[in-house]
Amino acid sequence: MLIISTWSTQILDSFALMNTKIENIELFKVPPRWLFLKITTASGIAGWGEPLVEGKADTVCAAVKEMSSFLMNKEAQSIEDIWQTLYRGGFYRGGPILMSAIAGIDQALWDIKGKALGVPVYELLGGAVRNKMKVYGWIGGDRPSELAKGAAKRIEHGFRAVKMNACAEMEWIDSPDKISRAVKNIEAVRNAIGYDRELGIDFHGRVHKGTAKRFMQELDYLKPMFIEEPVLSENFRAFSTLASYTSAPIATGERLYSRWDFKPLLEQGSVDIIQPDLSHAGGISEVKKIAAMAEAYDVALAPHCPLGPISLAAALQIDFNCINAIIQESSIGIHYNEGADLLDYLVNPEVFSIKDGYIQRSLLPGLGIEVDEQKVRNMALIGHDWKNPVWRNVDNSVTEW
C-alpha cells in the first residue's frame with residue numbers, strides 16, 4: 001500500500017493547482033560575455049538559464065527566440081517532453097548553437113520546478129551524494145607567463161586546485177625549445193603551490209598529435225591533476241596513442257554537445273575525465289544522462305564552466321547528484337571577466353563561497369541562486385560583443401586559439 005504523508009500531499013496538491021504554463025521569455029546579453037534567459041510562468045515563478053556559446057551570443061539568442069514560439073503556454077513542469085521536442089522536433093539537431101539554446105531553456109525549467117516544489121534541483125534528480133564539491137580556479141591568461149604569484153593568490157582565496165593554459169600558439173609540429181619553455185612556466189606554478197594541491201593543465205586544443213606526445217611526456221614529472229584537450233575533441237582517437245606518453249588522466253568534452261557525441265569517446269576507452277558544459281551540452285537533463293553513461297565506463301565527471309553564475313549553479317546541481325563528479329571548474333576571477341565577474345549578478349553570492357577548496361551544498365530551491373534582476377537589466381543596456389581572438393603563427397598561418 002502506497003502511503004503519502006500529509007506534507008507531501010499538500011506540496012503535490014499546491015503544485016498541481018499552480019499555473020506553471022510559460023507566459024514570458026526574456027533574454028539579456030550582459031558583460032563580460034554572457035547571455036542570460038528568464039522564463040516566467042503564469043503564476044509568477046521565474047526560472048533562469050544561461051544559453052551561450054562564447055563569441056556567438058547573438059546566434060544562440062536567435063536560436064532561443066526561434067524556439068520560444070513552441071515554448072509559450074507549455075507546461076514548464078514538462079521538462080523531459082519539452083527537451084525531447086526541442087531536440088527531435090527539428091529535422092537538423094545537435095551542435096553548439098542548438099544544444100546551447102536547449103541547455104539554457106532546460107536550466108530555467110529545472111529552476112522553476114525546484115522553486116515550485118521548494119527543493120534544490122539535485123533533490124529532483126534523486127538526491128545528493130555529497131555535502132560539498134571540490135572546485136578549481138583559473139590562473140593566468142591565454143599566453144601563460146609569470147603565473148606563480150597568481151597561483152599562490154588563488155590558494156590564499158581558498159582554492160586547493162588551479163588550472164592553467166599549457167602554452168600559447170603552437171605550430172603543427174613545434175620545436176623542443178618552445179615546449180621546454182612552456183614546461184618551465186608550468187613547473188614554476190607547481191613549485192608555488194606544492195604537490196599537496198592539484199594542478200590542471202589545459203592544452204586547449206592548441207597542440208597537435210605529433211607535438212602533444214613530446215609535450216605530455218615532458219610534463220609527467222609535474223604530476224598534473226589532468227591534461228585537458230591534449231588534441232581537439234574531433235581527433236579523440238589519438239587519445240589512445242597519447243595515453244602512453246603520460247601517467248596523468250586525460251580530460252576532454254567541452255566541445256561535445258550530446259550523449260551521442262560522447263558515445264564513441266567513451267566506447268574507445270582512452271579518456272579518464274569528461275567535461276560536458278551545462279550551457280552547451282543540452283543542460284541539466286542531458287548532462288545527467290552523459291554522466292550516467294560515463295559512470296558505466298568508469299570515467300569521471302568534471303563539468304566545464306568558464307561562464308556565469310547560472311551555468312555554475314546548474315553544474316553544481318549535477319555535481320551534488322552524480323557519484324563520478326570529481327571537481328568543478330569556476331570562472332570566479334577568470335581572465336575573461338572584464339567589466340563584470342560571476343558574483344556581481346547575484347543577491348546571494350555567498351552560495352559560491354570557497355572554503356578549503358570546496359563549495360558547500362546549498363539547500364535553497366531550484367538552482368540555489370538569487371539572480372539580481374535589476375543588475376542584469378542594467379548591464380544588458382551595456383551588453384557586449386565578445387569574440388575570441390584569431391591567432392596566427394610567424395608564417396601568418398591560422399592556428400588554434
# chains A, B, ... in the order shown; residues from 1 in each chain; ligands from 1

$ residues_around --residues "Trp401 (chain A)" --least-positions-apart "2" --cutoff "7 Å" --atoms "only C-alpha atoms" --output "VMD selection string"
chain A and resid 169 206 389 to 391 399

$ residues_around --residues "Ala300 (chain A)" --least-positions-apart "5" --cutoff "12 Å" --atoms "only C-alpha atoms" --output "list in words"
Phe226, Pro249, Ile250, Ala251, Thr252, Gly253, Leu266, Val271, Asp272, Ile273, Ile274, Gln275, Pro276, Ile290, Ala291, Ala292, Met293, Ala294, Glu295, Asp319, Cys322, Ile323, Asn324, Ala325, Ile326, Ile327 and Gln328 of chain A

$ write_last_selection --atoms "N, CA and C atoms" --output "PDB file, in the first residue's frame"
ATOM      1  N   PHE A 226      45.127  16.604 -14.322  1.00  0.00           N
ATOM      2  CA  PHE A 226      44.697  16.074 -15.610  1.00  0.00           C
ATOM      3  C   PHE A 226      45.344  16.906 -16.712  1.00  0.00           C
ATOM      4  N   PRO A 249      45.682  11.656 -15.909  1.00  0.00           N
ATOM      5  CA  PRO A 249      44.382  11.433 -16.541  1.00  0.00           C
ATOM      6  C   PRO A 249      44.190  12.383 -17.726  1.00  0.00           C
ATOM      7  N   ILE A 250      43.521  11.900 -18.752  1.00  0.00           N
ATOM      8  CA  ILE A 250      43.207  12.709 -19.927  1.00  0.00           C
ATOM      9  C   ILE A 250      41.759  13.156 -19.835  1.00  0.00           C
ATOM     10  N   ALA A 251      41.544  14.466 -20.027  1.00  0.00           N
ATOM     11  CA  ALA A 251      40.209  15.052 -19.914  1.00  0.00           C
ATOM     12  C   ALA A 251      39.819  15.730 -21.220  1.00  0.00           C
ATOM     13  N   THR A 252      38.541  15.668 -21.545  1.00  0.00           N
ATOM     14  CA  THR A 252      38.029  16.366 -22.723  1.00  0.00           C
ATOM     15  C   THR A 252      36.513  16.410 -22.653  1.00  0.00           C
ATOM     16  N   GLY A 253      35.895  17.192 -23.533  1.00  0.00           N
ATOM     17  CA  GLY A 253      34.438  17.162 -23.629  1.00  0.00           C
ATOM     18  C   GLY A 253      33.736  18.492 -23.697  1.00  0.00           C
ATOM     19  N   LEU A 266      33.557   7.481 -25.203  1.00  0.00           N
ATOM     20  CA  LEU A 266      33.521   6.555 -24.076  1.00  0.00           C
ATOM     21  C   LEU A 266      33.772   5.122 -24.534  1.00  0.00           C
ATOM     22  N   VAL A 271      39.766   7.959 -22.477  1.00  0.00           N
ATOM     23  CA  VAL A 271      39.606   9.214 -21.749  1.00  0.00           C
ATOM     24  C   VAL A 271      39.256   8.883 -20.302  1.00  0.00           C
ATOM     25  N   ASP A 272      39.761   9.678 -19.378  1.00  0.00           N
ATOM     26  CA  ASP A 272      39.578   9.416 -17.955  1.00  0.00           C
ATOM     27  C   ASP A 272      38.577  10.347 -17.294  1.00  0.00           C
ATOM     28  N   ILE A 273      38.439  11.551 -17.855  1.00  0.00           N
ATOM     29  CA  ILE A 273      37.552  12.563 -17.283  1.00  0.00           C
ATOM     30  C   ILE A 273      36.794  13.220 -18.434  1.00  0.00           C
ATOM     31  N   ILE A 274      35.477  13.288 -18.323  1.00  0.00           N
ATOM     32  CA  ILE A 274      34.710  14.034 -19.324  1.00  0.00           C
ATOM     33  C   ILE A 274      34.294  15.376 -18.744  1.00  0.00           C
ATOM     34  N   GLN A 275      34.181  16.379 -19.632  1.00  0.00           N
ATOM     35  CA  GLN A 275      33.925  17.751 -19.205  1.00  0.00           C
ATOM     36  C   GLN A 275      32.785  18.396 -20.000  1.00  0.00           C
ATOM     37  N   PRO A 276      31.584  17.810 -19.949  1.00  0.00           N
ATOM     38  CA  PRO A 276      30.464  18.471 -20.624  1.00  0.00           C
ATOM     39  C   PRO A 276      30.166  19.809 -19.967  1.00  0.00           C
ATOM     40  N   ILE A 290      24.603  11.991 -19.711  1.00  0.00           N
ATOM     41  CA  ILE A 290      26.005  11.826 -20.102  1.00  0.00           C
ATOM     42  C   ILE A 290      26.823  11.323 -18.917  1.00  0.00           C
ATOM     43  N   ALA A 291      26.568  11.883 -17.747  1.00  0.00           N
ATOM     44  CA  ALA A 291      27.297  11.469 -16.548  1.00  0.00           C
ATOM     45  C   ALA A 291      27.032  10.004 -16.226  1.00  0.00           C
ATOM     46  N   ALA A 292      25.794   9.567 -16.379  1.00  0.00           N
ATOM     47  CA  ALA A 292      25.462   8.168 -16.118  1.00  0.00           C
ATOM     48  C   ALA A 292      26.153   7.243 -17.119  1.00  0.00           C
ATOM     49  N   MET A 293      26.227   7.664 -18.381  1.00  0.00           N
ATOM     50  CA  MET A 293      26.967   6.894 -19.376  1.00  0.00           C
ATOM     51  C   MET A 293      28.432   6.764 -18.969  1.00  0.00           C
ATOM     52  N   ALA A 294      29.017   7.878 -18.555  1.00  0.00           N
ATOM     53  CA  ALA A 294      30.430   7.877 -18.168  1.00  0.00           C
ATOM     54  C   ALA A 294      30.678   6.962 -16.981  1.00  0.00           C
ATOM     55  N   GLU A 295      29.762   6.982 -16.009  1.00  0.00           N
ATOM     56  CA  GLU A 295      29.910   6.121 -14.841  1.00  0.00           C
ATOM     57  C   GLU A 295      29.993   4.651 -15.252  1.00  0.00           C
ATOM     58  N   ASP A 319      26.764  18.056  -9.973  1.00  0.00           N
ATOM     59  CA  ASP A 319      27.872  17.579  -9.132  1.00  0.00           C
ATOM     60  C   ASP A 319      27.378  16.942  -7.846  1.00  0.00           C
ATOM     61  N   CYS A 322      25.716  13.418  -8.858  1.00  0.00           N
ATOM     62  CA  CYS A 322      26.401  12.382  -9.640  1.00  0.00           C
ATOM     63  C   CYS A 322      27.638  11.865  -8.901  1.00  0.00           C
ATOM     64  N   ILE A 323      27.703  10.580  -8.684  1.00  0.00           N
ATOM     65  CA  ILE A 323      28.755   9.986  -7.875  1.00  0.00           C
ATOM     66  C   ILE A 323      30.132  10.113  -8.509  1.00  0.00           C
ATOM     67  N   ASN A 324      30.211  10.207  -9.845  1.00  0.00           N
ATOM     68  CA  ASN A 324      31.505  10.263 -10.517  1.00  0.00           C
ATOM     69  C   ASN A 324      32.008  11.691 -10.731  1.00  0.00           C
ATOM     70  N   ALA A 325      31.297  12.700 -10.191  1.00  0.00           N
ATOM     71  CA  ALA A 325      31.786  14.083 -10.271  1.00  0.00           C
ATOM     72  C   ALA A 325      32.968  14.253  -9.323  1.00  0.00           C
ATOM     73  N   ILE A 326      34.084  14.755  -9.828  1.00  0.00           N
ATOM     74  CA  ILE A 326      35.295  14.836  -9.007  1.00  0.00           C
ATOM     75  C   ILE A 326      35.726  16.258  -8.680  1.00  0.00           C
ATOM     76  N   ILE A 327      35.461  17.199  -9.586  1.00  0.00           N
ATOM     77  CA  ILE A 327      35.882  18.581  -9.345  1.00  0.00           C
ATOM     78  C   ILE A 327      35.107  19.482 -10.295  1.00  0.00           C
ATOM     79  N   GLN A 328      34.898  20.742  -9.886  1.00  0.00           N
ATOM     80  CA  GLN A 328      34.108  21.683 -10.659  1.00  0.00           C
ATOM     81  C   GLN A 328      34.928  22.917 -11.034  1.00  0.00           C
TER      82      GLN A 328
END

$ residues_around --residues "Glu54 (chain A)" --least-positions-apart "3" --cutoff "9 Å" --atoms "only C-alpha atoms" --output "number ranges by chain"
A: 33-34, 57, 307, 386-388

$ write_last_selection --atoms "N, CA and C atoms" --output "short mmCIF file (atom, residue, chain, number, x, y, z; two decimals), in the first residue's frame"
data_model
loop_
_atom_site.label_atom_id
_atom_site.label_comp_id
_atom_site.auth_asym_id
_atom_site.auth_seq_id
_atom_site.Cartn_x
_atom_site.Cartn_y
_atom_site.Cartn_z
N ARG A 33 30.67 38.41 -21.19
CA ARG A 33 30.46 37.73 -22.49
C ARG A 33 29.32 36.73 -22.41
N TRP A 34 28.32 37.03 -21.58
CA TRP A 34 27.30 36.04 -21.24
C TRP A 34 25.94 36.38 -21.82
N ALA A 57 27.00 34.83 -28.95
CA ALA A 57 25.83 35.11 -28.11
C ALA A 57 24.61 35.48 -28.95
N LEU A 307 31.99 30.17 -17.45
CA LEU A 307 30.90 31.08 -17.77
C LEU A 307 30.35 31.76 -16.53
N TRP A 386 31.72 40.24 -27.32
CA TRP A 386 32.93 39.46 -27.11
C TRP A 386 33.16 38.47 -28.24
N LYS A 387 34.38 38.43 -28.73
CA LYS A 387 34.80 37.45 -29.73
C LYS A 387 36.16 36.90 -29.31
N ASN A 388 36.35 35.60 -29.52
CA ASN A 388 37.68 35.06 -29.21
C ASN A 388 38.70 35.56 -30.23
#

$ closest_residue --among "A:Gln374, A:Asn24, A:Gln268, A:Thr85" --to "Ser68 (chain A)" --atoms "only C-alpha atoms"
A:Asn24

$ residues_around --residues "Arg181 (chain A)" --least-positions-apart "3" --cutoff "12 Å" --atoms "only C-alpha atoms" --output "PDB file with C-alpha atoms, in the first residue's frame"
ATOM      1  CA  PRO A 144      50.691  31.973 -19.678  1.00  0.00           C
ATOM      2  CA  SER A 145      53.699  33.594 -18.010  1.00  0.00           C
ATOM      3  CA  ALA A 166      49.777  24.963 -21.043  1.00  0.00           C
ATOM      4  CA  CYS A 167      51.038  27.206 -23.803  1.00  0.00           C
ATOM      5  CA  ALA A 168      50.265  29.952 -26.270  1.00  0.00           C
ATOM      6  CA  ASP A 174      56.760  22.693 -32.812  1.00  0.00           C
ATOM      7  CA  SER A 175      60.298  22.972 -31.505  1.00  0.00           C
ATOM      8  CA  PRO A 176      61.723  21.252 -28.393  1.00  0.00           C
ATOM      9  CA  ASP A 177      62.816  24.666 -27.121  1.00  0.00           C
ATOM     10  CA  LYS A 178      59.289  26.069 -27.230  1.00  0.00           C
ATOM     11  CA  LYS A 184      59.303  25.679 -17.186  1.00  0.00           C
ATOM     12  CA  ASN A 185      56.305  28.000 -16.789  1.00  0.00           C
ATOM     13  CA  ILE A 186      54.182  25.116 -15.547  1.00  0.00           C
ATOM     14  CA  GLU A 187      56.977  23.947 -13.240  1.00  0.00           C
ATOM     15  CA  ALA A 188      57.032  27.387 -11.606  1.00  0.00           C
ATOM     16  CA  PHE A 215      54.854  17.824 -24.535  1.00  0.00           C
ATOM     17  CA  GLU A 218      57.977  16.234 -20.544  1.00  0.00           C
ATOM     18  CA  LEU A 219      55.151  17.293 -18.202  1.00  0.00           C
TER      19      LEU A 219
END

$ closest_atom_pairs --of "region 227-300 of chain A" --to "region 102-110 of chain A" --cutoff "8 Å" --atoms "only C-alpha atoms" --output "CSV"
residue,atom,partner,partner_atom,distance
A:Leu278,CA,A:Ala103,CA,6.6
A:Ser279,CA,A:Ala103,CA,5.2
A:His280,CA,A:Ala103,CA,6.1
A:Ala281,CA,A:Ala103,CA,6.4
A:Gly282,CA,A:Ala103,CA,4.0
A:Gly283,CA,A:Ala103,CA,3.7
A:Ile284,CA,A:Gln107,CA,6.1
A:Ser285,CA,A:Asp106,CA,7.0

$ residues_around --residues "Asp344 (chain A)" --least-positions-apart "2" --cutoff "10 Å" --atoms "only C-alpha atoms" --output "list in words"
Gly308, Pro309, Ala340, Asp341, Leu342, Leu346, Val347, Asn348, Pro349, Val371, Asp372, Lys375 and Val376 of chain A

$ select_by_dssp --residues "region 229-384 of chain A" --states "alpha helix (DSSP H)" --output "PyMOL selection string"
chain A and resi 239-242+259-268+283-296+309-321+373-382

$ write_last_selection --atoms "C-alpha atoms" --output "PDB file, in the first residue's frame"
ATOM      1  CA  PHE A 239      43.960   9.760 -27.167  1.00  0.00           C
ATOM      2  CA  SER A 240      44.727   6.045 -27.196  1.00  0.00           C
ATOM      3  CA  THR A 241      48.184   6.845 -28.571  1.00  0.00           C
ATOM      4  CA  LEU A 242      48.770   9.864 -26.343  1.00  0.00           C
ATOM      5  CA  ARG A 259      25.256  11.877 -25.297  1.00  0.00           C
ATOM      6  CA  TRP A 260      25.635  10.846 -28.927  1.00  0.00           C
ATOM      7  CA  ASP A 261      28.799  12.955 -29.215  1.00  0.00           C
ATOM      8  CA  PHE A 262      30.204  11.350 -26.060  1.00  0.00           C
ATOM      9  CA  LYS A 263      29.238   7.804 -27.039  1.00  0.00           C
ATOM     10  CA  PRO A 264      32.209   6.975 -29.342  1.00  0.00           C
ATOM     11  CA  LEU A 265      34.629   8.728 -26.983  1.00  0.00           C
ATOM     12  CA  LEU A 266      33.521   6.555 -24.076  1.00  0.00           C
ATOM     13  CA  GLU A 267      33.423   3.408 -26.182  1.00  0.00           C
ATOM     14  CA  GLN A 268      37.059   3.925 -27.188  1.00  0.00           C
ATOM     15  CA  GLY A 283      21.544  21.452 -19.918  1.00  0.00           C
ATOM     16  CA  ILE A 284      20.854  19.527 -16.735  1.00  0.00           C
ATOM     17  CA  SER A 285      18.667  16.898 -18.414  1.00  0.00           C
ATOM     18  CA  GLU A 286      21.305  15.868 -20.932  1.00  0.00           C
ATOM     19  CA  VAL A 287      24.398  16.135 -18.742  1.00  0.00           C
ATOM     20  CA  LYS A 288      22.743  13.897 -16.146  1.00  0.00           C
ATOM     21  CA  LYS A 289      22.450  11.230 -18.870  1.00  0.00           C
ATOM     22  CA  ILE A 290      26.005  11.826 -20.102  1.00  0.00           C
ATOM     23  CA  ALA A 291      27.297  11.469 -16.548  1.00  0.00           C
ATOM     24  CA  ALA A 292      25.462   8.168 -16.118  1.00  0.00           C
ATOM     25  CA  MET A 293      26.967   6.894 -19.376  1.00  0.00           C
ATOM     26  CA  ALA A 294      30.430   7.877 -18.168  1.00  0.00           C
ATOM     27  CA  GLU A 295      29.910   6.121 -14.841  1.00  0.00           C
ATOM     28  CA  ALA A 296      29.205   2.891 -16.728  1.00  0.00           C
ATOM     29  CA  PRO A 309      26.651  32.221 -12.231  1.00  0.00           C
ATOM     30  CA  ILE A 310      23.645  30.410 -13.696  1.00  0.00           C
ATOM     31  CA  SER A 311      25.809  27.936 -15.572  1.00  0.00           C
ATOM     32  CA  LEU A 312      27.879  27.281 -12.437  1.00  0.00           C
ATOM     33  CA  ALA A 313      24.749  26.823 -10.332  1.00  0.00           C
ATOM     34  CA  ALA A 314      23.413  24.272 -12.838  1.00  0.00           C
ATOM     35  CA  ALA A 315      26.739  22.418 -12.865  1.00  0.00           C
ATOM     36  CA  LEU A 316      26.752  22.173  -9.079  1.00  0.00           C
ATOM     37  CA  GLN A 317      23.289  20.595  -9.086  1.00  0.00           C
ATOM     38  CA  ILE A 318      24.724  17.839 -11.290  1.00  0.00           C
ATOM     39  CA  ASP A 319      27.872  17.579  -9.132  1.00  0.00           C
ATOM     40  CA  PHE A 320      25.902  17.046  -5.944  1.00  0.00           C
ATOM     41  CA  ASN A 321      23.832  14.318  -7.564  1.00  0.00           C
ATOM     42  CA  GLU A 373      17.470  41.062 -11.849  1.00  0.00           C
ATOM     43  CA  GLN A 374      17.903  44.817 -11.700  1.00  0.00           C
ATOM     44  CA  LYS A 375      21.652  44.388 -12.108  1.00  0.00           C
ATOM     45  CA  VAL A 376      21.038  42.100 -15.085  1.00  0.00           C
ATOM     46  CA  ARG A 377      18.706  44.604 -16.727  1.00  0.00           C
ATOM     47  CA  ASN A 378      21.131  47.480 -16.154  1.00  0.00           C
ATOM     48  CA  MET A 379      24.094  45.557 -17.535  1.00  0.00           C
ATOM     49  CA  ALA A 380      22.080  44.371 -20.530  1.00  0.00           C
ATOM     50  CA  LEU A 381      21.912  48.025 -21.595  1.00  0.00           C
ATOM     51  CA  ILE A 382      25.708  47.872 -21.866  1.00  0.00           C
TER      52      ILE A 382
END

$ select_by_dssp --residues "region 212-362 of chain A" --states "strand (DSSP E or B)" --output "PyMOL selection string"
chain A and resi 226-228+250-252+273-274+277+300-301+304+325+328-330+346+354-355+358-360

$ residues_around --residues "Leu147 (chain A)" --least-positions-apart "4" --cutoff "12 Å" --atoms "only C-alpha atoms" --output "NGL selection string"
:A and (138-143 or 151-154 or 162-166 or 182 or 184-193)

$ closest_residue --among "A:Asp58, A:Glu23, A:Asp298, A:Glu229" --to "His384 (chain A)" --atoms "only C-alpha atoms"
A:Asp58

$ atom_distance --atom1 "CA of Ile25 (chain A)" --atom2 "CA of Asp81 (chain A)"
18.4 Å

$ closest_residue --among "A:Ile227, A:Asp220, A:Tyr336, A:Ala101" --to "Ser247 (chain A)" --atoms "only C-alpha atoms"
A:Asp220

$ atom_distance --atom1 "CA of Glu350 (chain A)" --atom2 "CA of Pro31 (chain A)"
20.9 Å

$ closest_residue --among "A:Val53, A:Val207, A:Lys223, A:Thr40" --to "Pro306 (chain A)" --atoms "only C-alpha atoms"
A:Val53

$ closest_residue --among "A:Val135, A:Met18, A:Leu52, A:Leu117" --to "Val30 (chain A)" --atoms "only C-alpha atoms"
A:Leu52

$ decode --residues "region 310-380 of chain A" --atoms "C-alpha atoms" --output "short mmCIF file (atom, residue, chain, number, x, y, z; two decimals), in the first residue's frame"
data_model
loop_
_atom_site.label_atom_id
_atom_site.label_comp_id
_atom_site.auth_asym_id
_atom_site.auth_seq_id
_atom_site.Cartn_x
_atom_site.Cartn_y
_atom_site.Cartn_z
CA ILE A 310 23.65 30.41 -13.70
CA SER A 311 25.81 27.94 -15.57
CA LEU A 312 27.88 27.28 -12.44
CA ALA A 313 24.75 26.82 -10.33
CA ALA A 314 23.41 24.27 -12.84
CA ALA A 315 26.74 22.42 -12.86
CA LEU A 316 26.75 22.17 -9.08
CA GLN A 317 23.29 20.59 -9.09
CA ILE A 318 24.72 17.84 -11.29
CA ASP A 319 27.87 17.58 -9.13
CA PHE A 320 25.90 17.05 -5.94
CA ASN A 321 23.83 14.32 -7.56
CA CYS A 322 26.40 12.38 -9.64
CA ILE A 323 28.75 9.99 -7.87
CA ASN A 324 31.51 10.26 -10.52
CA ALA A 325 31.79 14.08 -10.27
CA ILE A 326 35.30 14.84 -9.01
CA ILE A 327 35.88 18.58 -9.34
CA GLN A 328 34.11 21.68 -10.66
CA GLU A 329 35.53 24.50 -12.76
CA SER A 330 34.72 28.03 -11.65
CA SER A 331 35.08 31.29 -13.55
CA ILE A 332 35.41 33.43 -10.43
CA GLY A 333 38.18 35.89 -11.32
CA ILE A 334 38.95 34.24 -14.67
CA HIS A 335 40.91 36.33 -17.17
CA TYR A 336 37.88 36.66 -19.49
CA ASN A 337 35.85 38.50 -16.85
CA GLU A 338 36.49 42.11 -17.78
CA GLY A 339 33.77 44.59 -16.83
CA ALA A 340 31.87 42.15 -14.61
CA ASP A 341 32.51 39.00 -12.63
CA LEU A 342 30.45 35.96 -11.71
CA LEU A 343 29.39 37.12 -8.26
CA ASP A 344 28.28 40.57 -9.48
CA TYR A 345 24.94 39.24 -10.71
CA LEU A 346 23.84 37.54 -7.50
CA VAL A 347 21.90 38.74 -4.48
CA ASN A 348 23.36 35.79 -2.55
CA PRO A 349 26.98 35.42 -3.72
CA GLU A 350 27.79 33.57 -0.51
CA VAL A 351 26.37 30.37 -2.07
CA PHE A 352 29.62 30.13 -4.03
CA SER A 353 31.91 30.75 -1.06
CA ILE A 354 35.01 28.56 -1.19
CA LYS A 355 36.47 27.06 1.97
CA ASP A 356 39.40 24.64 1.98
CA GLY A 357 38.88 24.06 -1.73
CA TYR A 358 35.15 23.24 -1.57
CA ILE A 359 31.75 24.84 -2.15
CA GLN A 360 29.17 23.69 0.38
CA ARG A 361 25.94 22.10 -0.82
CA SER A 362 23.12 24.64 -0.88
CA LEU A 363 19.65 23.83 0.48
CA LEU A 364 17.98 26.63 -1.48
CA PRO A 365 15.29 25.69 -4.01
CA GLY A 366 15.79 25.46 -7.76
CA LEU A 367 19.32 26.25 -8.90
CA GLY A 368 20.07 27.70 -5.47
CA ILE A 369 20.88 31.22 -6.60
CA GLU A 370 19.00 34.52 -6.42
CA VAL A 371 19.75 36.50 -9.56
CA ASP A 372 19.98 40.27 -9.12
CA GLU A 373 17.47 41.06 -11.85
CA GLN A 374 17.90 44.82 -11.70
CA LYS A 375 21.65 44.39 -12.11
CA VAL A 376 21.04 42.10 -15.09
CA ARG A 377 18.71 44.60 -16.73
CA ASN A 378 21.13 47.48 -16.15
CA MET A 379 24.09 45.56 -17.53
CA ALA A 380 22.08 44.37 -20.53
#
